[in-house]
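K.L.:
What follows is my_file27.cif, mmCIF, C-alpha atoms.
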```cif
data_entry
#
loop_
_atom_site.group_PDB
_atom_site.id
_atom_site.type_symbol
_atom_site.label_atom_id
_atom_site.label_comp_id
_atom_site.auth_asym_id
_atom_site.auth_seq_id
_atom_site.Cartn_x
_atom_site.Cartn_y
_atom_site.Cartn_z
ATOM 1 C CA VAL S 3 21.944 133.108 55.081
ATOM 2 C CA PRO S 4 23.383 129.814 53.707
ATOM 3 C CA GLU S 5 24.174 131.532 50.415
ATOM 4 C CA ASP S 6 25.996 134.244 52.277
ATOM 5 C CA ARG S 7 27.991 131.645 54.193
ATOM 6 C CA THR S 8 28.844 129.790 51.011
ATOM 7 C CA HIS S 9 29.880 132.987 49.346
ATOM 8 C CA ARG S 10 32.109 133.902 52.241
ATOM 9 C CA ALA S 11 33.707 130.451 52.279
ATOM 10 C CA GLY S 12 34.227 130.607 48.524
ATOM 11 C CA SER S 13 35.797 134.031 48.713
ATOM 12 C CA GLY S 14 38.030 132.672 51.485
ATOM 13 C CA TRP S 15 39.638 129.982 49.457
ATOM 14 C CA GLU S 16 39.484 132.103 46.332
ATOM 15 C CA GLY S 17 41.430 134.724 48.194
ATOM 16 C CA GLU S 18 44.046 132.129 49.075
ATOM 17 C CA PHE S 19 44.167 131.019 45.485
ATOM 18 C CA SER S 20 44.552 134.593 44.238
ATOM 19 C CA ALA S 21 47.392 135.204 46.661
ATOM 20 C CA TYR S 22 49.113 132.033 45.508
ATOM 21 C CA PHE S 23 48.611 132.992 41.888
ATOM 22 C CA GLU S 24 50.116 136.406 42.360
ATOM 23 C CA ALA S 25 53.042 135.011 44.302
ATOM 24 C CA ARG S 26 53.925 132.093 42.054
ATOM 25 C CA ALA S 27 52.685 133.008 38.586
ATOM 26 C CA PRO S 28 55.792 134.987 37.518
ATOM 27 C CA ALA S 29 58.194 132.158 38.348
ATOM 28 C CA LEU S 30 56.015 129.533 36.728
ATOM 29 C CA ARG S 31 55.531 131.750 33.698
ATOM 30 C CA SER S 32 59.289 132.067 33.293
ATOM 31 C CA THR S 33 59.664 128.305 33.532
ATOM 32 C CA ALA S 34 56.913 127.837 30.971
ATOM 33 C CA PHE S 35 58.647 130.317 28.688
ATOM 34 C CA VAL S 36 61.957 128.461 28.951
ATOM 35 C CA LEU S 37 60.094 125.269 28.143
ATOM 36 C CA CYS S 38 58.237 126.645 25.133
ATOM 37 C CA GLY S 39 60.270 129.610 23.953
ATOM 38 C CA ASP S 40 57.011 131.382 23.187
ATOM 39 C CA TRP S 41 55.021 133.740 25.397
ATOM 40 C CA HIS S 42 51.655 132.716 24.001
ATOM 41 C CA ARG S 43 52.159 129.033 24.571
ATOM 42 C CA ALA S 44 53.701 129.729 27.946
ATOM 43 C CA GLU S 45 50.666 131.794 28.893
ATOM 44 C CA ASP S 46 48.311 129.033 27.750
ATOM 45 C CA ILE S 47 50.150 126.421 29.765
ATOM 46 C CA LEU S 48 50.221 128.666 32.805
ATOM 47 C CA GLN S 49 46.501 129.447 32.572
ATOM 48 C CA ASN S 50 45.625 125.772 32.217
ATOM 49 C CA THR S 51 47.857 124.911 35.142
ATOM 50 C CA PHE S 52 46.195 127.436 37.413
ATOM 51 C CA LEU S 53 42.782 126.463 36.110
ATOM 52 C CA LYS S 54 43.394 122.879 37.183
ATOM 53 C CA LEU S 55 44.639 124.136 40.524
ATOM 54 C CA TYR S 56 41.551 126.320 40.961
ATOM 55 C CA VAL S 57 39.154 123.442 40.292
ATOM 56 C CA ILE S 58 40.697 121.222 42.960
ATOM 57 C CA TRP S 59 41.899 123.950 45.308
ATOM 58 C CA PRO S 60 39.323 123.337 48.103
ATOM 59 C CA ARG S 61 40.300 119.654 48.125
ATOM 60 C CA LEU S 62 44.055 120.281 48.236
ATOM 61 C CA ALA S 63 45.147 119.035 51.612
ATOM 62 C CA ARG S 64 48.925 119.377 51.610
ATOM 63 C CA ARG S 65 49.382 123.079 51.014
ATOM 64 C CA ASP S 66 53.102 122.900 51.772
ATOM 65 C CA GLU S 67 53.666 120.906 48.577
ATOM 66 C CA LEU S 68 51.746 123.262 46.330
ATOM 67 C CA ASP S 69 54.775 124.358 44.365
ATOM 68 C CA ALA S 70 55.765 120.829 43.528
ATOM 69 C CA PHE S 71 52.199 120.008 42.580
ATOM 70 C CA ALA S 72 51.843 123.085 40.364
ATOM 71 C CA ARG S 73 55.153 122.292 38.677
ATOM 72 C CA ARG S 74 54.056 118.719 38.083
ATOM 73 C CA VAL S 75 50.776 119.846 36.539
ATOM 74 C CA MET S 76 52.553 122.334 34.306
ATOM 75 C CA PHE S 77 55.179 119.944 32.989
ATOM 76 C CA ARG S 78 52.632 117.243 32.326
ATOM 77 C CA LEU S 79 50.442 119.726 30.495
ATOM 78 C CA PHE S 80 53.421 120.730 28.394
ATOM 79 C CA LEU S 81 54.254 117.125 27.542
ATOM 80 C CA ARG S 82 50.625 116.279 26.825
ATOM 81 C CA GLU S 83 50.323 119.251 24.508
ATOM 82 C CA ASN S 84 53.394 118.079 22.632
ATOM 83 C CA ARG S 85 51.965 114.594 22.302
ATOM 84 C CA ARG S 86 48.899 115.905 20.508
ATOM 85 C CA LEU S 87 48.545 115.234 16.816
ATOM 86 C CA TRP S 88 50.518 117.539 14.608
ATOM 87 C CA ARG S 89 47.266 118.539 12.859
ATOM 88 C CA SER S 90 45.893 120.136 15.990
ATOM 89 C CA ARG S 91 48.945 122.300 16.394
ATOM 90 C CA GLU S 92 49.881 125.355 14.430
ATOM 91 C CA GLN S 93 52.140 124.539 11.521
ATOM 92 C CA VAL S 94 54.535 127.018 9.995
ATOM 93 C CA SER S 95 54.281 126.605 6.268
ATOM 94 C CA GLY S 96 56.547 129.384 5.016
ATOM 95 C CA GLU S 97 60.258 129.711 5.517
ATOM 96 C CA LEU S 98 61.375 132.098 8.169
ATOM 97 C CA PRO S 99 63.627 134.921 7.038
ATOM 98 C CA GLU S 100 67.300 134.707 7.879
ATOM 99 C CA PRO S 101 67.981 136.391 11.190
ATOM 100 C CA ARG S 102 69.807 139.617 10.842
ATOM 101 C CA GLY S 103 72.960 140.297 12.744
ATOM 102 C CA PHE S 104 72.263 141.715 16.148
ATOM 103 C CA GLY S 105 74.260 144.532 17.529
ATOM 104 C CA ASP S 106 73.704 143.356 21.068
ATOM 105 C CA SER S 107 75.595 140.123 21.598
ATOM 106 C CA ASP S 108 73.375 139.207 24.582
ATOM 107 C CA VAL S 109 70.262 139.252 22.456
ATOM 108 C CA ALA S 110 71.996 137.160 19.799
ATOM 109 C CA GLN S 111 73.066 134.628 22.397
ATOM 110 C CA GLN S 112 69.571 134.526 23.852
ATOM 111 C CA LEU S 113 68.055 133.798 20.485
ATOM 112 C CA THR S 114 70.693 131.177 19.742
ATOM 113 C CA VAL S 115 70.139 129.320 22.998
ATOM 114 C CA ARG S 116 66.351 129.518 22.697
ATOM 115 C CA ALA S 117 66.475 128.173 19.158
ATOM 116 C CA ALA S 118 68.786 125.366 20.226
ATOM 117 C CA LEU S 119 66.556 124.511 23.164
ATOM 118 C CA ALA S 120 63.527 124.466 20.893
ATOM 119 C CA GLY S 121 65.307 121.847 18.793
ATOM 120 C CA VAL S 122 65.655 119.465 21.738
ATOM 121 C CA PRO S 123 62.822 116.886 21.970
ATOM 122 C CA PRO S 124 60.098 117.924 24.451
ATOM 123 C CA LYS S 125 60.687 115.330 27.135
ATOM 124 C CA GLN S 126 64.450 115.869 27.118
ATOM 125 C CA ARG S 127 63.831 119.599 27.212
ATOM 126 C CA ALA S 128 61.511 119.181 30.173
ATOM 127 C CA VAL S 129 64.165 117.187 32.000
ATOM 128 C CA LEU S 130 66.830 119.797 31.236
ATOM 129 C CA VAL S 131 64.609 122.597 32.477
ATOM 130 C CA LEU S 132 63.676 120.735 35.639
ATOM 131 C CA ARG S 133 67.232 119.726 36.439
ATOM 132 C CA TYR S 134 69.178 122.845 35.450
ATOM 133 C CA TRP S 135 66.624 125.659 35.446
ATOM 134 C CA SER S 136 64.462 124.722 38.408
ATOM 135 C CA ASP S 137 67.446 123.096 40.163
ATOM 136 C CA LEU S 138 65.573 119.962 41.114
ATOM 137 C CA SER S 139 67.196 116.700 42.050
ATOM 138 C CA VAL S 140 66.879 113.623 39.883
ATOM 139 C CA GLU S 141 64.260 112.183 42.223
ATOM 140 C CA ASP S 142 62.169 115.360 42.318
ATOM 141 C CA SER S 143 62.370 115.649 38.548
ATOM 142 C CA ALA S 144 61.189 112.066 38.251
ATOM 143 C CA VAL S 145 58.223 112.822 40.501
ATOM 144 C CA ALA S 146 57.362 115.903 38.488
ATOM 145 C CA LEU S 147 57.445 114.010 35.225
ATOM 146 C CA GLY S 148 55.918 110.806 36.537
ATOM 147 C CA CYS S 149 58.815 108.590 35.478
ATOM 148 C CA SER S 150 61.713 106.760 37.094
ATOM 149 C CA PRO S 151 64.991 108.444 38.162
ATOM 150 C CA GLY S 152 66.815 106.330 35.611
ATOM 151 C CA THR S 153 64.673 107.786 32.861
ATOM 152 C CA VAL S 154 65.472 111.291 34.090
ATOM 153 C CA LYS S 155 69.203 110.564 33.957
ATOM 154 C CA SER S 156 69.090 109.062 30.488
ATOM 155 C CA GLN S 157 66.834 111.805 29.144
ATOM 156 C CA ALA S 158 69.088 114.466 30.648
ATOM 157 C CA ALA S 159 72.171 112.936 29.016
ATOM 158 C CA ARG S 160 70.436 112.696 25.650
ATOM 159 C CA GLY S 161 69.064 116.188 26.024
ATOM 160 C CA LEU S 162 72.520 117.610 26.628
ATOM 161 C CA VAL S 163 73.866 115.828 23.577
ATOM 162 C CA ALA S 164 70.978 117.179 21.519
ATOM 163 C CA LEU S 165 71.484 120.694 22.867
ATOM 164 C CA ARG S 166 75.164 120.634 22.072
ATOM 165 C CA LYS S 167 74.401 119.350 18.590
ATOM 166 C CA GLN S 168 71.862 122.122 18.060
ATOM 167 C CA LEU S 169 74.289 124.770 19.196
ATOM 168 C CA GLY S 170 77.083 123.427 17.025
ATOM 169 C CA PRO S 171 80.127 125.676 16.822
ATOM 170 C CA GLN S 172 78.303 128.430 18.691
ATOM 171 C CA PHE S 173 78.517 126.359 21.834
ATOM 172 C CA ASP S 174 82.185 127.141 22.354
ATOM 173 C CA ASP S 175 81.623 130.802 21.525
ATOM 174 C CA LEU S 176 79.011 131.052 24.238
ATOM 175 C CA PHE S 177 81.382 129.719 26.858
ATOM 176 C CA ARG S 178 84.278 131.819 25.648
ATOM 177 C CA SER S 179 82.196 134.963 25.961
ATOM 178 C CA GLU S 180 81.106 133.925 29.444
ATOM 179 C CA GLU S 181 84.656 133.300 30.504
ATOM 180 C CA LYS S 182 85.585 136.771 29.240
ATOM 181 C CA GLU S 183 82.721 138.264 31.245
ATOM 182 C CA HIS S 184 83.881 136.482 34.383
ATOM 183 C CA ARG S 185 87.475 137.691 33.892
ATOM 184 C CA THR S 186 86.435 141.291 33.419
ATOM 185 C CA MET G 2 80.105 120.312 30.144
ATOM 186 C CA ASN G 3 79.450 120.366 33.887
ATOM 187 C CA GLU G 4 76.215 121.303 35.628
ATOM 188 C CA ASP G 5 77.190 124.918 36.281
ATOM 189 C CA GLU G 6 77.939 125.423 32.607
ATOM 190 C CA ILE G 7 74.579 124.018 31.666
ATOM 191 C CA ARG G 8 72.872 126.289 34.193
ATOM 192 C CA SER G 9 74.644 129.333 32.834
ATOM 193 C CA LEU G 10 73.717 128.246 29.324
ATOM 194 C CA LEU G 11 70.046 127.936 30.207
ATOM 195 C CA LEU G 12 70.137 131.376 31.784
ATOM 196 C CA HIS G 13 70.470 132.714 28.250
ATOM 197 C CA ALA G 14 67.034 131.296 27.480
ATOM 198 C CA ALA G 15 65.432 133.150 30.388
ATOM 199 C CA PRO G 16 62.939 135.900 29.587
ATOM 200 C CA ARG G 17 63.999 139.474 30.192
ATOM 201 C CA GLU G 18 60.593 140.927 30.986
ATOM 202 C CA GLN G 19 57.154 139.466 31.586
ATOM 203 C CA PRO G 20 53.685 140.524 30.546
ATOM 204 C CA SER G 21 51.482 141.846 33.336
ATOM 205 C CA THR G 22 49.321 139.387 35.238
ATOM 206 C CA ALA G 23 46.614 141.735 36.502
ATOM 207 C CA ALA G 24 44.040 140.900 33.843
ATOM 208 C CA ASP G 25 44.876 137.224 33.808
ATOM 209 C CA LEU G 26 43.726 136.531 37.332
ATOM 210 C CA ALA G 27 40.210 137.867 36.755
ATOM 211 C CA GLU G 28 39.893 135.853 33.557
ATOM 212 C CA LEU G 29 41.230 132.789 35.274
ATOM 213 C CA LEU G 30 38.790 133.095 38.168
ATOM 214 C CA GLY G 31 35.904 133.496 35.723
ATOM 215 C CA ARG G 32 36.914 130.419 33.761
ATOM 216 C CA GLY G 33 37.484 128.473 36.953
ATOM 217 C CA ARG G 34 34.036 129.345 38.338
ATOM 218 C CA HIS G 35 32.420 128.342 35.055
ATOM 219 C CA LYS G 36 34.311 125.069 35.008
ATOM 220 C CA ARG G 37 33.400 124.276 38.599
ATOM 221 C CA LYS G 38 29.749 125.001 37.822
ATOM 222 C CA ILE G 39 29.750 122.711 34.776
ATOM 223 C CA ARG G 40 31.503 120.067 36.804
ATOM 224 C CA GLY G 41 28.872 120.287 39.532
ATOM 225 C CA TYR G 42 26.083 119.914 36.973
ATOM 226 C CA LEU G 43 27.836 116.947 35.419
ATOM 227 C CA VAL G 44 28.222 115.253 38.778
ATOM 228 C CA ILE G 45 24.509 115.698 39.550
ATOM 229 C CA ALA G 46 23.466 114.615 36.051
ATOM 230 C CA GLY G 47 25.742 111.608 36.133
ATOM 231 C CA SER G 48 24.389 110.542 39.495
ATOM 232 C CA ALA G 49 20.781 110.923 38.282
ATOM 233 C CA VAL G 50 21.474 108.985 35.100
ATOM 234 C CA SER G 51 23.166 106.164 36.955
ATOM 235 C CA THR G 52 20.289 105.976 39.463
ATOM 236 C CA ALA G 53 17.766 105.846 36.622
ATOM 237 C CA ALA G 54 19.775 103.149 34.876
ATOM 238 C CA VAL G 55 19.845 101.019 38.018
ATOM 239 C CA ALA G 56 16.080 101.465 38.489
ATOM 240 C CA VAL G 57 15.400 100.472 34.876
ATOM 241 C CA LEU G 58 17.637 97.444 35.269
ATOM 242 C CA ILE G 59 15.836 96.319 38.405
ATOM 243 C CA VAL G 60 12.417 96.748 36.770
ATOM 244 C CA ALA G 61 13.565 94.858 33.670
ATOM 245 C CA LEU G 62 14.878 92.012 35.803
ATOM 246 C CA ALA G 63 11.643 91.825 37.795
ATOM 247 C CA VAL G 64 9.501 91.813 34.642
ATOM 248 C CA GLY G 65 11.685 89.177 33.023
ATOM 249 C CA ARG G 66 11.501 86.954 36.066
ATOM 250 C CA SER G 67 7.704 87.118 36.290
ATOM 251 C CA ALA G 68 7.311 86.459 32.556
ATOM 252 C CA GLY G 69 9.775 83.582 32.680
ATOM 253 C CA GLY G 70 7.726 81.779 35.398
ATOM 254 C CA ALA G 71 4.688 81.384 33.107
ATOM 255 C CA GLN G 72 6.690 79.878 30.255
ATOM 256 C CA LEU G 73 7.148 76.379 31.646
ATOM 257 C CA VAL G 74 6.281 74.679 28.332
ATOM 258 C CA PRO G 75 8.964 74.993 25.657
ATOM 259 C CA ALA G 76 8.148 77.276 22.818
ATOM 260 C CA ASP G 77 8.324 74.577 20.114
ATOM 261 C CA GLN G 78 5.668 72.397 21.759
ATOM 262 C CA PRO G 79 1.949 73.151 21.800
ATOM 263 C CA ALA G 80 0.534 74.080 25.096
ATOM 264 C CA ALA G 81 -1.631 71.443 26.782
ATOM 265 C CA PRO G 82 -5.304 72.214 27.442
ATOM 266 C CA PRO G 83 -6.124 72.907 31.009
ATOM 267 C CA MET G 84 -6.763 69.780 33.057
ATOM 268 C CA THR G 85 -10.294 69.781 34.477
ATOM 269 C CA SER G 86 -12.490 67.060 35.950
ATOM 270 C CA SER G 87 -14.741 66.887 32.847
ATOM 271 C CA THR G 88 -11.838 66.207 30.472
ATOM 272 C CA THR G 89 -10.478 63.327 32.536
ATOM 273 C CA ASP G 90 -13.753 61.471 32.117
ATOM 274 C CA VAL G 91 -13.742 61.853 28.343
ATOM 275 C CA LEU G 92 -10.200 60.572 27.836
ATOM 276 C CA THR G 93 -10.037 57.328 25.834
ATOM 277 C CA PRO G 94 -7.512 54.586 26.411
ATOM 278 C CA SER G 95 -4.458 54.250 24.245
ATOM 279 C CA PRO G 96 -4.611 52.065 21.086
ATOM 280 C CA THR G 97 -2.556 49.229 22.587
ATOM 281 C CA THR G 98 -4.859 48.960 25.495
ATOM 282 C CA THR G 99 -7.814 48.853 23.138
ATOM 283 C CA LEU G 100 -6.284 45.947 21.189
ATOM 284 C CA ARG G 101 -5.870 43.898 24.283
ATOM 285 C CA THR G 102 -9.090 44.752 25.881
ATOM 286 C CA GLY G 103 -11.104 45.457 22.776
ATOM 287 C CA THR G 104 -12.718 42.050 22.857
ATOM 288 C CA THR G 105 -13.245 42.152 26.489
ATOM 289 C CA PRO G 106 -16.399 43.861 27.407
ATOM 290 C CA ASN G 107 -16.470 46.025 30.368
ATOM 291 C CA THR G 108 -17.331 44.343 33.563
ATOM 292 C CA PRO G 109 -18.496 46.023 36.666
ATOM 293 C CA ASN G 110 -15.169 45.131 38.237
ATOM 294 C CA THR G 111 -13.154 46.751 35.475
ATOM 295 C CA PRO G 112 -14.148 50.320 34.873
ATOM 296 C CA ASN G 113 -13.665 51.877 31.451
ATOM 297 C CA THR G 114 -11.301 54.505 32.571
ATOM 298 C CA PRO G 115 -7.862 54.071 31.052
ATOM 299 C CA SER G 116 -5.995 54.788 34.155
ATOM 300 C CA THR G 117 -7.606 52.246 36.414
ATOM 301 C CA PRO G 118 -6.830 48.989 34.498
ATOM 302 C CA MET G 119 -3.278 49.979 33.893
ATOM 303 C CA SER G 120 -2.692 50.947 37.417
ATOM 304 C CA SER G 121 -4.348 48.081 39.261
ATOM 305 C CA GLY G 122 -2.809 44.614 39.201
ATOM 306 C CA ARG G 123 -6.151 42.866 39.359
ATOM 307 C CA SER G 124 -7.459 44.232 36.075
ATOM 308 C CA SER G 125 -4.228 43.487 34.219
ATOM 309 C CA SER G 126 -4.417 39.826 35.197
ATOM 310 C CA THR G 127 -7.982 39.511 33.939
ATOM 311 C CA VAL G 128 -7.379 41.086 30.588
ATOM 312 C CA GLY G 129 -7.591 38.487 27.847
ATOM 313 C CA THR G 130 -7.487 35.436 30.151
ATOM 314 C CA THR G 131 -10.811 34.839 31.733
ATOM 315 C CA PRO G 132 -13.677 36.270 29.799
ATOM 316 C CA THR G 133 -16.655 36.984 31.904
ATOM 317 C CA HIS G 134 -18.826 38.083 29.022
ATOM 318 C CA PRO G 135 -21.681 36.039 27.474
ATOM 319 C CA ALA G 136 -21.108 33.139 25.081
ATOM 320 C CA GLY G 137 -20.332 33.880 21.466
ATOM 321 C CA ALA G 138 -17.793 36.486 22.149
ATOM 322 C CA THR G 139 -14.335 35.821 20.784
ATOM 323 C CA THR G 140 -11.344 35.730 22.922
ATOM 324 C CA THR G 141 -7.856 36.673 22.229
ATOM 325 C CA PRO G 142 -5.544 33.863 20.985
#
```
Could you show the structure in this file as structure tokens?

P.N.:
Amino acid sequence: VPEDRTHRAGSGWEGEFSAYFEARAPALRSTAFVLCGDWHRAEDILQNTFLKLYVIWPRLARRDELDAFARRVMFRLFLRENRRLWRSREQVSGELPEPRGFGDSDVAQQLTVRAALAGVPPKQRAVLVLRYWSDLSVEDSAVALGCSPGTVKSQAARGLVALRKQLGPQFDDLFRSEEKEHRT
Amino acid sequence: MNEDEIRSLLLHAAPREQPSTAADLAELLGRGRHKRKIRGYLVIAGSAVSTAAVAVLIVALAVGRSAGGAQLVPADQPAAPPMTSSTTDVLTPSPTTTLRTGTTPNTPNTPNTPSTPMSSGRSSSTVGTTPTHPAGATTTP
């Protein structure tokens, strides 16, 4: 009888966890993809985030702040993974082939922006994603990253400079094309 | 570059389609259960190990305390023989006492035990001053 009770209780909170996973996983996966620019790494980060959530789920008291907590776990996992030694990460030894010209301008722009974002240092990228992708305030971004609001502001400014530098002359082209789209 | 421009720029980095999540949840639950199980074992093992360590520490302290009580004599000095009533009778006086009282034969008033003459004032006053022995015996100068 006690086993049955335990099983039922476990399935209860596991059911809650499954519902939360199905509801929030797509959004968090998209955020992880914008952070990493790679589906495999995004999937790893997402799985580790939900794994951490699963382990402490029965002890989570403030369920109304789950999203903020999950986001915090994910961003810290991302930053921790980037702090690891370069040896433990996959290194690309060969040179990548030159990208061919894309017929679809949207796809070309996507690849350009993703490549530029990948060139921004991880912490600045995390700040940019939190501030302008997840639409968080400076204070909420600071809580998510575990730093001060001043750090968020400075990292955001540096990140924007780095992003603009990475985009180079394509930066203006991107905005021109957007302006054309808005006019039409 | 204002905030709206940055937002529209980051929209270009958004994914168009996502992989399915159906298989991921089952895998995640399996990994999570395994991790929780390992964690439970570790908690129990850690608690048992810490309890055992505390018990060993207490036993070691108790043993050390009882062994330390017997070692009253320092290690670099020889241990004294046990003091019994038979050994106290056999003890001889110190050489200085012998020099002073060597010429003085024992009298019934002054026993031969080394402790008695030194401790009593009467025997110390008689030593070497008023011989009570027979004639012919030398006295101290």

K.L.:
Between G:Arg8, G:Arg40, G:Arg66, G:His35, which has the minimum distance to chain S (counting only C-alpha atoms)?

P.N.:
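Among G:Arg8, G:Arg40, G:Arg66, G:His35, it is G:Arg8 that comes nearest to chain S.
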
K.L.:
Taking all atoms listed in the file into account, name the residue in S:Val36, S:Leu30, S:Ala120, S:Leu79 that is nearest to chain G.

P.N.:
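Ranked by minimum distance to chain G, first place goes to S:Val36.
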
K.L.:
Measuring atom to atom with only C-alpha atoms, identify which of S:Ala110, S:Val57, S:Ala72, S:Leu132 is nearest to chain G.

P.N.:
S:Val57

K.L.:
Could you state the separation of CA of Val163 in chain S and CA of Val140 in chain S in Å, given to one decimal place?

P.N.:
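Interatomic distance, CA of Val163 in chain S to CA of Val140 in chain S: 17.9 Å.
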
K.L.:
Translate the PyMOL selection byres ((chain S) within 7 of (chain G)) into a concrete residue list for this structure, as a ChimeraX atom specification.

P.N.:
/S:32,36,49,53,56-57,111-112,115-116,134-135

K.L.:
What does the distance between CA of Leu48 in chain S and CA of Ile39 in chain G come to in Å, to one decimal place?

P.N.:
21.4 Å

K.L.:
Box time for range 48-66 of chain S: axis-aligned, enclosing all its listed atoms, 8 Å extra on each side; report centre and edge lengths in Å to one decimal, as JSON.

P.N.:
```
{"center_x": 46.1, "center_y": 124.2, "center_z": 42.0, "size_x": 29.9, "size_y": 26.4, "size_z": 35.6}
```

K.L.:
In Å to one decimal, how far is CA of Met76 in chain S from CA of Ala44 in chain S?

P.N.:
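About the pair CA of Ala44 in chain S and CA of Met76 in chain S: they are 9.8 Å apart.
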
K.L.:
Go through S:Thr33, S:Glu67, S:Phe173, S:Phe52 and flag the residue nearest Asp137 in chain S, using all atoms listed in the file for the distances.

P.N.:
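Result for the nearest residue to Asp137 in chain S: S:Thr33.
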
K.L.:
Can you work out which one of S:Ala118, S:Ala70, S:Leu169, S:Ala29 has the shortest atom-to-atom distance to Val145 in chain S, counting all atoms listed in the file?

P.N.:
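Of S:Ala118, S:Ala70, S:Leu169, S:Ala29, the one nearest Val145 in chain S, counting all atoms listed in the file, is S:Ala70.
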